[in-house]
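Notes for the one structure printed next.
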Amino acid sequence: MKKEYAVIGLGRFGGSICKELNREGMEVLAIDLDEDKVNEYKDIASHAVIADSTDEKVLKELGIRNIDHVIVAIGDNIQASILTTLMLKELGIMKITVKAQNDYHEKVLNKIGADQVVHPERDMGKRIAHSIISNNVLDYLELSDDHSVVEVKAGRKLIGRTLVDLDIRALYGCNVVGIKRNRDIDVSPMPTETILDGDILIIIGEDRDLSRFEKNLVDDDD
Ligand code: ATP
C-alpha cells in the first residue's frame with residue numbers, strides 16, 4: 001500500500017517538502033494554522049486543512065493516526081513544535097521528522113522520541129562553508145557530530161594517481177567509497193583505479209581527517 005505523509009507547517013521548508021512529495025506522486029496531508037498557506041497548497045497536497053496541530057482532538061479528527069510519516073515543519077513557535085511532536089508520539093505515529101530551530105530544540109526533540117531531527121539552516125550553512133573553502137568540494141553531508149561524507153572534484157593533486165598510491169586510508173584515515181565518472185558511480189573502486197580528470201570522489205571519514213584531506217589533496221583549481 002502507498003505510504004501516506006502529513007506535513008504540519010507550510011513555511012518554505014514544509015512547503016517544499018509538500019511540493020516534492022506531490023511531485024513524486026505521494027499522498028500528502030498538508031496542515032497549517034494559516035488559511036492563506038492552506039489555500040496555496042490546496043491543489044498541491046492531496047488534502048490541505050486549516051488546523052492547530054497542538055490541539056490533540058483536532059489531530060485525532062484529522063485521522064493523523066493513519067498517516068505513516070509526519071513531518072513537523074513549524075519554525076519559530078518552538079513550543080508548538082515540541083507539543084505537536086509529543087502528541088504525535090503519543091498517538092503512535094510510526095515515523096516523525098521534525099525541523100529544529102536551534103540546538104536546544106533539537107535536544108528536546110530527540111529526548112521526546114522524534115525519529116529524525118533536521119536542522120536545515122545549520123546543515124546547509126555547513127555545506128556551503130565547505131564549498132566556499134574550496135570550489136572543488138561539491139557537497140558535504142553530515143552523518144553524525146563528527147563524521148561526514150564529502151564529494152570532491154579531482155584536481156591537480158589527484159588526477160593520474162591511483163588510490164593505492166595516494167594511500168588515503170593510511171595517511172588520512174578516510175575511505176573513498178565511490179568515484180563518479182560521467183554518469184556512472186563506481187561504489188567499490190579498486191585500489192589500482194587511476195583517477196581521471198573530471199572524476200568526483202565520494203569520501204567518508206571523521207571531520208578532522210576529511211579536513212586534513214581537503215587541505216592537502218583538494219586544490220582550488222577549478
Ligand atoms: P520556513 O523557514 O520553513 O519558512 P519558519 O521556520 O519561518 O519557516 P514559521 O513560518 O514560523 O517557520 O512556521 C511555519 C509554518 O507553521 C507557518 O506557516 C505557521 O502558520 C505554521 N504553524 C505554526 N504553528 C502551527 C500550529 N500550531 N499548527 C499548524 N501550523 C502551525
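In the C-alpha cells, the first chain shown is A, the next is B, and so on; residue numbers restart at 1 for each chain, and ligands run from 1 in the order shown.
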
DSSP-assigned strand (DSSP E) members of region 25-190 of chain A, reported as a ChimeraX atom specification: /A:27-32,47-50,69-72,95-99,116-118,137-142,147-153,175-181,184-186

Just the residues within 9 Å of Leu88 (chain A), please, counting only C-alpha atoms, with nothing from its chain fewer than 5 positions along; format it as a tab-separated table (two decimals) with N, CA, C and O atoms, in the first residue's frame.
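Just written: part-v8.tsv:
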```tsv
chain	number	residue	atom	x	y	z
A	56	GLU	N	-4.92	18.20	20.39
A	56	GLU	CA	-4.94	16.74	20.21
A	56	GLU	C	-6.23	16.26	19.55
A	56	GLU	O	-6.22	15.36	18.70
A	59	LEU	N	-6.10	16.77	15.89
A	59	LEU	CA	-5.21	15.78	15.24
A	59	LEU	C	-5.93	14.45	15.06
A	59	LEU	O	-5.84	13.81	14.02
A	64	ILE	N	-4.92	11.53	11.86
A	64	ILE	CA	-3.46	11.53	11.75
A	64	ILE	C	-2.87	10.17	12.12
A	64	ILE	O	-1.79	9.81	11.66
A	65	ARG	N	-3.62	9.41	12.91
A	65	ARG	CA	-3.14	8.08	13.32
A	65	ARG	C	-2.88	7.16	12.12
A	65	ARG	O	-2.08	6.24	12.20
A	70	VAL	N	4.94	11.65	9.57
A	70	VAL	CA	4.52	13.05	9.74
A	70	VAL	C	5.77	13.93	9.82
A	70	VAL	O	6.71	13.63	10.55
A	83	LEU	N	5.20	20.39	21.41
A	83	LEU	CA	3.90	19.85	21.83
A	83	LEU	C	3.32	18.95	20.74
A	83	LEU	O	2.81	17.85	21.01
A	93	ILE	N	2.35	7.53	16.01
A	93	ILE	CA	2.80	7.70	14.62
A	93	ILE	C	4.12	6.95	14.41
A	93	ILE	O	5.04	7.07	15.23
A	96	ILE	N	8.30	10.17	12.73
A	96	ILE	CA	8.11	11.62	12.89
A	96	ILE	C	9.44	12.32	12.58
A	96	ILE	O	10.46	12.04	13.20
```

Best match for closeness to ligand 1 among A:Glu35, A:Glu27, A:Asp207, A:Asp146, counting only C-alpha atoms and all ligand atoms: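 Closest candidate: A:Glu35.
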
Kindly compile the residues surrounding ligand 1 within 10 Å, counting only C-alpha atoms and all ligand atoms, and format them as a PyMOL selection string. chain A and resi 7-17+30-38+49-55+59+72-84+99-101+120-121

May I ask for the distance between CA of Glu90 (chain A) and CA of Met1 (chain A), given in Å to one decimal place? 24.0 Å

Å distance separating CA of Lys2 (chain A) from CA of Met26 (chain A), one decimal place: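 Distance reported for this atom pair: 7.6 Å.
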
Contacts of Tyr140 (chain A) within 12 Å, only C-alpha atoms, excl. fewer than 4 positions in-chain, as a list in words: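 Final neighbour list, sorted by chain and number: Asp123, Met124, Gly125, Lys126, Arg127, Ile128, Ala129, His130, Ser131, Ile132, Ile133, Ser134, Asn136, His147, Ser148, Val149, Val150, Glu151, Val152, Leu201, Ile202, Ile203, Ile204, Gly205, Asp207, Leu210, Ser211 and Glu214 of chain A.
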
Which of these, A:His47, A:Lys95, A:Arg181, A:Arg161, has the shortest distance to Lys3 (chain A) once you count only C-alpha atoms? A:Lys95
